[in-house]
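S.K.: Okay, so here is structure-v2.cif, and as you'll see once you scroll down, it has mmCIF, C-alpha atoms.
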data_start
loop_
_atom_site.label_atom_id
_atom_site.label_comp_id
_atom_site.auth_asym_id
_atom_site.auth_seq_id
_atom_site.Cartn_x
_atom_site.Cartn_y
_atom_site.Cartn_z
CA MET A 876 135.91 220.37 126.08
CA ILE A 877 138.38 218.98 123.53
CA SER A 878 137.45 219.50 119.86
CA SER A 879 137.79 216.49 117.55
CA ASN A 880 140.00 218.77 115.37
CA THR A 881 142.76 218.32 117.90
CA LEU A 882 142.39 214.58 118.48
CA PRO A 883 145.18 212.24 117.34
CA LEU A 884 144.26 209.82 114.49
CA GLU A 885 143.65 206.85 116.81
CA ALA A 886 141.09 208.95 118.67
CA GLN A 887 139.22 209.96 115.48
CA PRO A 888 135.70 208.64 115.12
CA ALA A 889 135.56 204.97 114.09
CA PRO A 890 133.85 205.51 110.68
CA ILE A 891 136.94 207.28 109.28
CA LEU A 892 139.21 204.49 110.46
CA GLU A 893 136.81 201.97 108.98
CA VAL A 894 136.97 203.68 105.58
CA LEU A 895 140.77 203.82 105.76
CA ALA A 896 140.91 200.15 106.71
CA ARG A 897 138.70 199.18 103.74
CA LEU A 898 140.81 201.30 101.36
CA GLY A 899 143.95 199.70 102.79
CA ALA A 900 142.44 196.29 102.08
CA GLY A 901 141.90 197.26 98.43
CA ASP A 902 138.19 198.07 98.63
CA PHE A 903 138.21 201.39 96.79
CA THR A 904 134.44 201.71 96.86
CA ALA A 905 134.66 202.70 100.55
CA ARG A 906 133.54 206.26 101.27
CA GLY A 907 133.13 208.29 104.45
CA GLU A 908 130.37 210.72 105.23
CA ALA A 909 130.89 214.20 106.59
CA THR A 910 129.94 214.20 110.27
CA GLY A 911 129.57 217.93 110.70
CA GLN A 912 131.53 217.58 113.94
CA GLY A 913 134.33 219.84 112.78
CA ALA A 914 135.95 221.38 109.73
CA THR A 915 139.07 219.22 109.98
CA ASP A 916 137.02 216.02 110.23
CA ASP A 917 134.98 216.92 107.18
CA ALA A 918 138.07 218.00 105.21
CA LEU A 919 139.75 214.71 106.12
CA ILE A 920 136.73 212.71 104.95
CA HIS A 921 136.55 214.75 101.75
CA GLY A 922 140.25 214.11 101.08
CA ILE A 923 139.91 210.40 101.79
CA ASN A 924 136.92 210.17 99.44
CA GLN A 925 138.82 211.95 96.68
CA LEU A 926 141.74 209.58 97.14
CA ALA A 927 139.35 206.63 97.05
CA THR A 928 137.86 207.89 93.77
CA ILE A 929 141.31 208.16 92.20
CA LEU A 930 142.25 204.69 93.42
CA GLN A 931 138.96 203.30 92.10
CA GLN A 932 139.59 204.85 88.66
CA GLN A 933 143.13 203.48 88.59
CA GLN A 934 141.86 200.06 89.57
CA ALA A 935 139.29 200.17 86.74
CA THR A 936 142.02 201.18 84.27
CA ILE A 937 144.25 198.32 85.39
CA GLN A 938 141.38 195.85 85.18
CA GLU A 939 140.48 197.04 81.68
CA ALA A 940 144.13 196.79 80.60
CA GLU A 941 144.35 193.25 81.97
CA GLN A 942 141.11 192.29 80.24
CA ARG A 943 142.23 193.69 76.90
CA GLY A 944 145.62 192.06 77.29
CA GLU A 945 143.86 188.74 77.88
CA GLU A 946 141.74 189.29 74.74
CA LEU A 947 144.85 189.91 72.64
CA LEU A 948 146.49 186.86 74.14
CA GLU A 949 143.44 184.79 73.23
CA VAL A 950 143.67 185.93 69.59
CA MET A 951 147.34 185.00 69.58
CA LEU A 952 146.58 181.58 71.07
CA HIS A 953 144.06 180.97 68.29
CA LEU A 954 146.73 182.03 65.79
CA ALA A 955 149.17 179.60 67.36
CA GLN A 956 146.62 176.87 66.62
CA LEU A 957 146.35 178.16 63.03
CA ASP A 958 142.80 179.31 63.73
CA TYR A 959 142.40 182.67 62.00
CA THR A 960 138.74 183.23 62.85
CA LYS A 961 139.35 185.23 66.04
CA ARG A 962 139.84 189.01 65.76
CA ALA A 963 141.06 191.51 68.34
CA THR A 964 138.66 194.17 69.58
CA VAL A 965 139.59 197.68 68.51
CA THR A 966 137.77 200.51 70.26
CA ALA A 967 137.29 204.10 69.17
CA GLY A 968 140.26 205.11 71.30
CA ASP A 969 143.93 205.20 70.42
CA SER A 970 145.38 203.19 73.27
CA VAL A 971 148.32 200.85 72.96
CA PHE A 972 145.77 198.01 73.01
CA ASP A 973 143.89 199.51 70.05
CA ALA A 974 147.14 199.75 68.11
CA LEU A 975 148.14 196.20 69.08
CA GLY A 976 144.67 194.94 68.11
CA THR A 977 144.81 196.74 64.76
CA GLY A 978 148.25 195.33 64.02
CA LEU A 979 147.25 191.85 65.06
CA ASN A 980 144.12 191.92 62.90
CA MET A 981 146.10 193.08 59.89
CA LEU A 982 148.63 190.30 60.45
CA VAL A 983 145.78 187.78 60.60
CA ASP A 984 144.44 189.16 57.29
CA GLU A 985 147.86 188.70 55.71
CA LEU A 986 148.18 185.16 57.08
CA VAL A 987 144.75 184.24 55.72
CA ALA A 988 145.61 185.73 52.32
CA GLY A 989 148.95 183.89 52.34
CA GLN A 990 147.25 180.64 53.23
CA VAL A 991 144.68 181.05 50.44
CA SER A 992 147.32 181.78 47.81
CA GLN A 993 149.47 178.88 49.06
CA ALA A 994 146.49 176.53 48.79
CA ARG A 995 145.78 177.81 45.29
CA LEU A 996 149.43 177.29 44.29
CA GLN A 997 149.39 173.77 45.70
CA GLU A 998 146.21 173.00 43.80
CA GLU A 999 147.81 174.26 40.57
CA ILE A 1000 150.93 172.15 41.18
CA ILE A 1001 148.83 169.04 41.83
CA GLN A 1002 146.78 169.66 38.69
CA SER A 1003 149.84 170.16 36.50
CA GLN A 1004 151.49 167.05 38.00
CA ALA A 1005 148.35 165.05 37.30
CA ALA A 1006 148.38 166.31 33.70
CA VAL A 1007 152.04 165.27 33.27
CA ILE A 1008 151.38 161.84 34.81
CA GLN A 1009 148.37 161.39 32.55
CA GLU A 1010 150.50 162.35 29.54
CA LEU A 1011 153.31 159.99 30.48
CA SER A 1012 151.16 157.05 31.50
CA THR A 1013 151.47 154.18 29.04
CA PRO A 1014 149.88 150.78 28.65
CA LEU A 1015 151.98 147.76 29.67
CA ILE A 1016 151.63 144.57 27.66
CA PRO A 1017 153.05 141.52 29.50
CA ILE A 1018 154.60 139.01 27.09
CA SER A 1019 155.97 136.56 29.70
CA ASN A 1020 156.99 136.63 33.39
CA ASP A 1021 160.24 138.40 32.48
CA ILE A 1022 159.24 140.44 29.47
CA LEU A 1023 156.78 143.20 28.88
CA VAL A 1024 156.21 145.64 26.07
CA MET A 1025 155.54 149.30 26.60
CA PRO A 1026 155.53 152.24 24.21
CA LEU A 1027 157.95 155.03 25.10
CA ILE A 1028 156.67 158.51 24.35
CA GLY A 1029 158.79 161.62 24.25
CA ASN A 1030 162.50 162.05 24.96
CA ILE A 1031 164.07 159.56 27.36
CA ASP A 1032 166.61 161.46 29.43
CA THR A 1033 168.49 160.30 32.55
CA ALA A 1034 165.68 161.53 34.77
CA ARG A 1035 163.01 159.51 32.95
CA ALA A 1036 165.24 156.48 32.43
CA MET B 17 134.53 222.69 38.58
CA LEU B 18 133.95 221.10 41.98
CA ASN B 19 136.95 221.21 44.24
CA GLU B 20 135.58 219.22 47.18
CA VAL B 21 133.69 215.92 47.31
CA ARG B 22 132.60 213.71 50.17
CA THR B 23 131.95 210.05 50.63
CA PRO B 24 130.65 208.35 53.79
CA THR B 25 134.26 207.63 54.82
CA SER B 26 136.31 210.50 53.38
CA VAL B 27 136.51 214.12 52.30
CA ILE B 28 138.53 214.99 49.21
CA PHE B 29 139.55 218.39 47.90
CA LEU B 30 141.92 219.84 45.36
CA ASP B 31 144.13 222.64 46.70
CA PRO B 32 145.40 225.63 44.64
CA ASP B 33 148.81 223.94 44.34
CA GLY B 34 147.22 221.04 42.48
CA ILE B 35 147.56 218.61 45.36
CA ILE B 36 144.69 216.23 46.13
CA HIS B 37 143.87 216.07 49.85
CA THR B 38 142.00 213.03 51.10
CA THR B 39 140.97 213.00 54.73
CA MET B 40 139.75 209.72 56.14
CA LEU B 41 136.94 210.47 58.54
CA ALA B 42 137.19 209.74 62.26
CA GLU B 43 136.33 206.25 63.47
CA VAL B 44 136.32 204.98 59.91
CA GLU B 45 137.26 201.43 59.08
CA GLN B 46 137.53 201.33 55.30
CA SER B 47 136.47 198.33 53.25
CA LEU B 48 137.29 197.75 49.58
CA ALA B 49 133.95 199.30 48.59
CA ASP B 50 134.75 202.41 50.68
CA ALA B 51 138.21 202.67 49.11
CA GLN B 52 136.78 202.34 45.60
CA GLU B 53 134.17 204.97 46.35
CA THR B 54 136.85 207.32 47.69
CA VAL B 55 138.98 206.99 44.56
CA ARG B 56 135.94 207.28 42.28
CA ALA B 57 134.90 210.47 44.09
CA ALA B 58 138.44 211.85 44.00
CA LEU B 59 138.64 211.33 40.24
CA THR B 60 135.66 213.63 39.74
CA ILE B 61 137.81 216.56 40.86
CA TRP B 62 141.16 215.14 39.81
CA GLY B 63 140.98 216.32 36.22
CA ASN B 64 142.92 214.68 33.45
CA VAL B 65 146.22 215.25 35.22
CA VAL B 66 148.58 213.08 37.26
CA ARG B 67 148.78 214.68 40.70
CA PRO B 68 150.48 214.31 44.08
CA ALA B 69 148.15 213.20 46.86
CA LEU B 70 148.03 213.80 50.59
CA ILE B 71 146.19 211.12 52.53
CA ASP B 72 145.29 212.25 56.03
CA MET B 73 144.89 209.05 58.04
CA ARG B 74 145.26 210.61 61.46
CA ALA B 75 141.72 209.88 62.62
CA MET B 76 141.38 206.59 60.82
CA LYS B 77 140.50 203.47 62.78
CA GLY B 78 141.09 200.64 60.35
CA GLN B 79 141.39 199.43 56.79
CA ASP B 80 140.84 195.95 55.51
CA ARG B 81 143.34 194.08 53.36
CA ASP B 82 141.41 194.45 50.11
CA ALA B 83 141.20 198.21 50.58
CA ARG B 84 144.94 198.33 51.21
CA GLN B 85 145.65 196.31 48.09
CA PHE B 86 143.38 198.56 46.04
CA TYR B 87 145.11 201.78 47.19
CA GLY B 88 148.44 200.21 46.30
CA SER B 89 147.29 199.02 42.87
CA ALA B 90 148.36 200.28 39.44
CA GLU B 91 144.75 201.37 38.89
CA VAL B 92 145.17 204.03 41.58
CA ALA B 93 148.87 204.69 41.08
CA GLN B 94 148.33 205.75 37.44
CA HIS B 95 146.70 208.97 38.67
CA THR B 96 149.38 209.97 41.20
CA THR B 97 152.94 211.20 41.08
CA ALA B 98 153.55 210.71 44.81
CA VAL B 99 151.64 210.00 47.99
CA ALA B 100 152.20 211.48 51.45
CA LEU B 101 150.56 209.53 54.25
CA LEU B 102 149.78 211.81 57.17
CA VAL B 103 149.70 209.86 60.43
CA GLY B 104 149.30 210.79 64.07
CA SER B 105 147.64 208.19 66.21
CA ARG B 106 149.23 204.86 67.03
CA VAL B 107 146.55 203.11 64.98
CA SER B 108 147.09 205.29 61.89
CA MET B 109 150.85 204.80 62.19
CA LEU B 110 150.33 201.05 62.14
CA ILE B 111 147.94 201.09 59.19
CA ALA B 112 150.31 203.27 57.17
CA ASN B 113 153.36 201.14 57.95
CA PHE B 114 151.43 198.03 57.00
CA PHE B 115 150.41 199.66 53.75
CA LEU B 116 154.02 200.49 52.90
CA ALA B 117 155.33 197.04 53.82
CA MET B 118 152.60 194.92 52.28
CA THR B 119 151.73 196.70 49.07
CA SER B 120 155.12 197.98 47.85
CA PRO B 121 153.68 201.26 46.46
CA LEU B 122 154.27 201.94 42.78
CA VAL B 123 154.85 205.70 43.25
CA PRO B 124 157.03 207.50 45.82
CA THR B 125 155.17 207.18 49.12
CA GLN B 126 156.25 208.56 52.45
CA LEU B 127 154.93 208.84 56.00
CA PHE B 128 154.63 212.23 57.69
CA THR B 129 153.44 213.44 61.06
CA SER B 130 153.50 217.09 59.94
CA GLU B 131 151.05 218.29 57.29
CA GLN B 132 153.34 221.19 56.42
CA GLU B 133 156.29 218.90 55.74
CA ALA B 134 154.09 216.51 53.76
CA LEU B 135 152.85 219.33 51.50
CA ALA B 136 156.37 220.69 51.03
CA TRP B 137 157.52 217.22 49.93
CA LEU B 138 154.53 216.76 47.60
CA LYS B 139 155.16 220.09 45.87
CA GLY B 140 158.27 218.54 44.40
CA PHE B 141 156.08 216.04 42.52
CA ARG B 142 153.74 218.41 40.72
CA SER B 143 153.54 217.59 37.04
#
Could I get this structure in the form of structure tokens?

M.R.:
Amino acid sequence: MISSNTLPLEAQPAPILEVLARLGAGDFTARGEATGQGATDDALIHGINQLATILQQQQATIQEAEQRGEELLEVMLHLAQLDYTKRATVTAGDSVFDALGTGLNMLVDELVAGQVSQARLQEEIIQSQAAVIQELSTPLIPISNDILVMPLIGNIDTARA
Amino acid sequence: MLNEVRTPTSVIFLDPDGIIHTTMLAEVEQSLADAQETVRAALTIWGNVVRPALIDMRAMKGQDRDARQFYGSAEVAQHTTAVALLVGSRVSMLIANFFLAMTSPLVPTQLFTSEQEALAWLKGFRS
């Protein structure tokens, strides 16, 4: 009788090939079960399962990285629309994404602060211009179609003339 | 006299060389209120002396803008001769660099990744 330990791969029991096929197709949840038909079979299944676990972990890491990248991109898109309400998620870890998120959030804070102070400055400028206009505004007294009388207040320089 | 005080976000102690050590606790994201509490607590052991300060930010997670502005203010700077920012993680490195760029510190302030080097530098600023 021939032991399964000595069989070529194509002659191995179908379940192992099925697991390998699923792994090859990107389904890293696939696992084989020890058959108890031989030490080599069981060692092979154990090895395949370990490999599948590693692949599954790597897949999860990649998916998480993609998801966090998308989140950061979304914050940046909001920024591009001058919407500063969105903040990046920063986890307890110290990944590149945490650092990028921290940096992005701090930049948003600075942009918001800059915007607030700019608005305040603009408001002050408008108020002081209004005060100057109010000060310079004078009554006009029409005498005829071609003549009017107006009081001139302050120094008349080339700019005011 | 007390030589160590704690706040919910930091631990502060005065070493025998007269250097104030402030360690920001892990996972902490400091707000302005946290920063004010840290400085208030530090002043209880500070004494009436201007001292160099070591800020260990290695485990820190975040700091809001108001807290950053407060640490960089004249109100805090009046008590220090120099500040060494101890960084390690990517996040702490970012926070510290932001602090330096955005607040233009009023006293000599430098980033370190080695505590030993930071302390050696600070010893040159003892009053």

S.K.: What residues come out when you apply the PyMOL selection byres ((chain B) within 10 of (chain A)) to this file, written as JSON, numbers by chain?

M.R.: {"B": [42, 43, 44, 75, 76, 77, 78, 79, 80, 81, 82, 105, 106, 107, 108, 109, 110, 111, 113, 114, 115, 118]}

S.K.: Go ahead and save the picked residues with C-alpha atoms, as a short mmCIF file (atom, residue, chain, number, x, y, z; two decimals), keeping the file's coordinate frame.

M.R.:
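Printed below is selection_16.cif as written:
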data_model
loop_
_atom_site.label_atom_id
_atom_site.label_comp_id
_atom_site.auth_asym_id
_atom_site.auth_seq_id
_atom_site.Cartn_x
_atom_site.Cartn_y
_atom_site.Cartn_z
CA ALA B 42 137.19 209.74 62.26
CA GLU B 43 136.33 206.25 63.47
CA VAL B 44 136.32 204.98 59.91
CA ALA B 75 141.72 209.88 62.62
CA MET B 76 141.38 206.59 60.82
CA LYS B 77 140.50 203.47 62.78
CA GLY B 78 141.09 200.64 60.35
CA GLN B 79 141.39 199.43 56.79
CA ASP B 80 140.84 195.95 55.51
CA ARG B 81 143.34 194.08 53.36
CA ASP B 82 141.41 194.45 50.11
CA SER B 105 147.64 208.19 66.21
CA ARG B 106 149.23 204.86 67.03
CA VAL B 107 146.55 203.11 64.98
CA SER B 108 147.09 205.29 61.89
CA MET B 109 150.85 204.80 62.19
CA LEU B 110 150.33 201.05 62.14
CA ILE B 111 147.94 201.09 59.19
CA ASN B 113 153.36 201.14 57.95
CA PHE B 114 151.43 198.03 57.00
CA PHE B 115 150.41 199.66 53.75
CA MET B 118 152.60 194.92 52.28
#

S.K.: Run through the PyMOL selection byres ((chain B and resi 34) around 8) on the given coordinates and return the selected residues as a PyMOL selection string.

M.R.: chain B and resi 30-33+35-36+67-68+142

S.K.: Any chance you can output those residues with C-alpha atoms as a CSV table (one decimal), in the frame of the given file?

M.R.:
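Here's the written file result-v2.csv:
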chain,number,residue,atom,x,y,z
B,30,LEU,CA,141.9,219.8,45.4
B,31,ASP,CA,144.1,222.6,46.7
B,32,PRO,CA,145.4,225.6,44.6
B,33,ASP,CA,148.8,223.9,44.3
B,35,ILE,CA,147.6,218.6,45.4
B,36,ILE,CA,144.7,216.2,46.1
B,67,ARG,CA,148.8,214.7,40.7
B,68,PRO,CA,150.5,214.3,44.1
B,142,ARG,CA,153.7,218.4,40.7

S.K.: Could you name the residues that touch Leu59 (chain B) at 12 Å or less, counting only C-alpha atoms, but leaving out those on the same chain fewer than 5 positions away, as a list in words?

M.R.: Leu18, Asn19, Glu20, Val21, Arg22, Ile28, Phe29, Leu30, Ile36, His37, Thr38, Gln52, Glu53, Thr54, Asn64, Val65, Val66, Arg67, Ala69, Glu91, Val92, Gln94, His95 and Thr96 of chain B

S.K.: Dump C-alpha atoms for the selected residues as a PDB file, in the coordinates of the input?

M.R.:
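Final output, again_33.pdb:
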ATOM      1  CA  LEU B  18     133.950 221.100  41.980  1.00  0.00           C
ATOM      2  CA  ASN B  19     136.950 221.210  44.240  1.00  0.00           C
ATOM      3  CA  GLU B  20     135.580 219.220  47.180  1.00  0.00           C
ATOM      4  CA  VAL B  21     133.690 215.920  47.310  1.00  0.00           C
ATOM      5  CA  ARG B  22     132.600 213.710  50.170  1.00  0.00           C
ATOM      6  CA  ILE B  28     138.530 214.990  49.210  1.00  0.00           C
ATOM      7  CA  PHE B  29     139.550 218.390  47.900  1.00  0.00           C
ATOM      8  CA  LEU B  30     141.920 219.840  45.360  1.00  0.00           C
ATOM      9  CA  ILE B  36     144.690 216.230  46.130  1.00  0.00           C
ATOM     10  CA  HIS B  37     143.870 216.070  49.850  1.00  0.00           C
ATOM     11  CA  THR B  38     142.000 213.030  51.100  1.00  0.00           C
ATOM     12  CA  GLN B  52     136.780 202.340  45.600  1.00  0.00           C
ATOM     13  CA  GLU B  53     134.170 204.970  46.350  1.00  0.00           C
ATOM     14  CA  THR B  54     136.850 207.320  47.690  1.00  0.00           C
ATOM     15  CA  ASN B  64     142.920 214.680  33.450  1.00  0.00           C
ATOM     16  CA  VAL B  65     146.220 215.250  35.220  1.00  0.00           C
ATOM     17  CA  VAL B  66     148.580 213.080  37.260  1.00  0.00           C
ATOM     18  CA  ARG B  67     148.780 214.680  40.700  1.00  0.00           C
ATOM     19  CA  ALA B  69     148.150 213.200  46.860  1.00  0.00           C
ATOM     20  CA  GLU B  91     144.750 201.370  38.890  1.00  0.00           C
ATOM     21  CA  VAL B  92     145.170 204.030  41.580  1.00  0.00           C
ATOM     22  CA  GLN B  94     148.330 205.750  37.440  1.00  0.00           C
ATOM     23  CA  HIS B  95     146.700 208.970  38.670  1.00  0.00           C
ATOM     24  CA  THR B  96     149.380 209.970  41.200  1.00  0.00           C
TER      25      THR B  96
END

S.K.: Using Å and a single decimal, report how far CA of Asn1030 (chain A) sits from CA of Gln997 (chain A).

M.R.: 27.2 Å

S.K.: So which residues touch region 133-141 of chain B within 7 Å, counting only C-alpha atoms, skipping near sequence neighbours fewer than 6 positions away, as a list in words?

M.R.: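 Listed by chain and then number, they are Pro68, Thr97, Ala98 and Ala100 of chain B.
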
S.K.: At most 12 Å from (137.2, 198.5, 97.4), file frame, only C-alpha atoms: which residues, as a list in words?

M.R.: Val894, Leu895, Ala896, Arg897, Leu898, Gly899, Ala900, Gly901, Asp902, Phe903, Thr904, Ala905, Arg906, Asn924, Leu926, Ala927, Thr928, Ile929, Leu930, Gln931, Gln932, Gln933, Gln934 and Ala935 of chain A

S.K.: Kindly give the distance, in Å, that separates CA of Phe86 (chain B) and CA of Lys961 (chain A), rounded to a single decimal.

M.R.: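 Separation between CA of Phe86 (chain B) and CA of Lys961 (chain A): 24.4 Å.
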
S.K.: Report the distance between CA of Asn1020 (chain A) and CA of Ala1036 (chain A) in Å, rounded to one decimal place.

M.R.: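 Result for CA of Asn1020 (chain A) versus CA of Ala1036 (chain A): 21.5 Å, one decimal.
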
S.K.: What's around Ser26 (chain B) at 6 Å? Count only C-alpha atoms, leave out sequence neighbours fewer than 6 positions away in its own chain, and write the answer as a PDB file with C-alpha atoms, in the frame of the given file.

M.R.:
ATOM      1  CA  THR B  39     140.970 213.000  54.730  1.00  0.00           C
ATOM      2  CA  MET B  40     139.750 209.720  56.140  1.00  0.00           C
ATOM      3  CA  LEU B  41     136.940 210.470  58.540  1.00  0.00           C
TER       4      LEU B  41
END

S.K.: Once the PyMOL selection byres ((chain A and resi 921) around 12) has been evaluated on this model, what residues remain selected, and can you format them as number ranges by chain?

M.R.: A: 891, 894, 906-911, 914-920, 922-928

S.K.: Between A:Ile937, A:Ala963, A:Val991, A:Val1007, which has the minimum distance to Glu949 (chain A) (counting all atoms listed in the file)?

M.R.: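 The shortest atom-to-atom distance to Glu949 (chain A) comes from A:Ala963.
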
S.K.: Rank B:Leu48, B:Thr23, B:Arg74, B:Pro124 by their smallest atom-to-atom distance to Tyr87 (chain B), using all atoms listed in the file, and report the top residue only.

M.R.: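 When distances to Tyr87 (chain B) are compared using all atoms listed in the file, the smallest one comes from B:Leu48.
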
S.K.: From the options B:Phe128, B:Leu70, B:Arg84, B:Pro24, which residue's atoms come nearest to Ala57 (chain B), counting all atoms listed in the file?

M.R.: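 Closest to Ala57 (chain B) of all the choices is B:Pro24.
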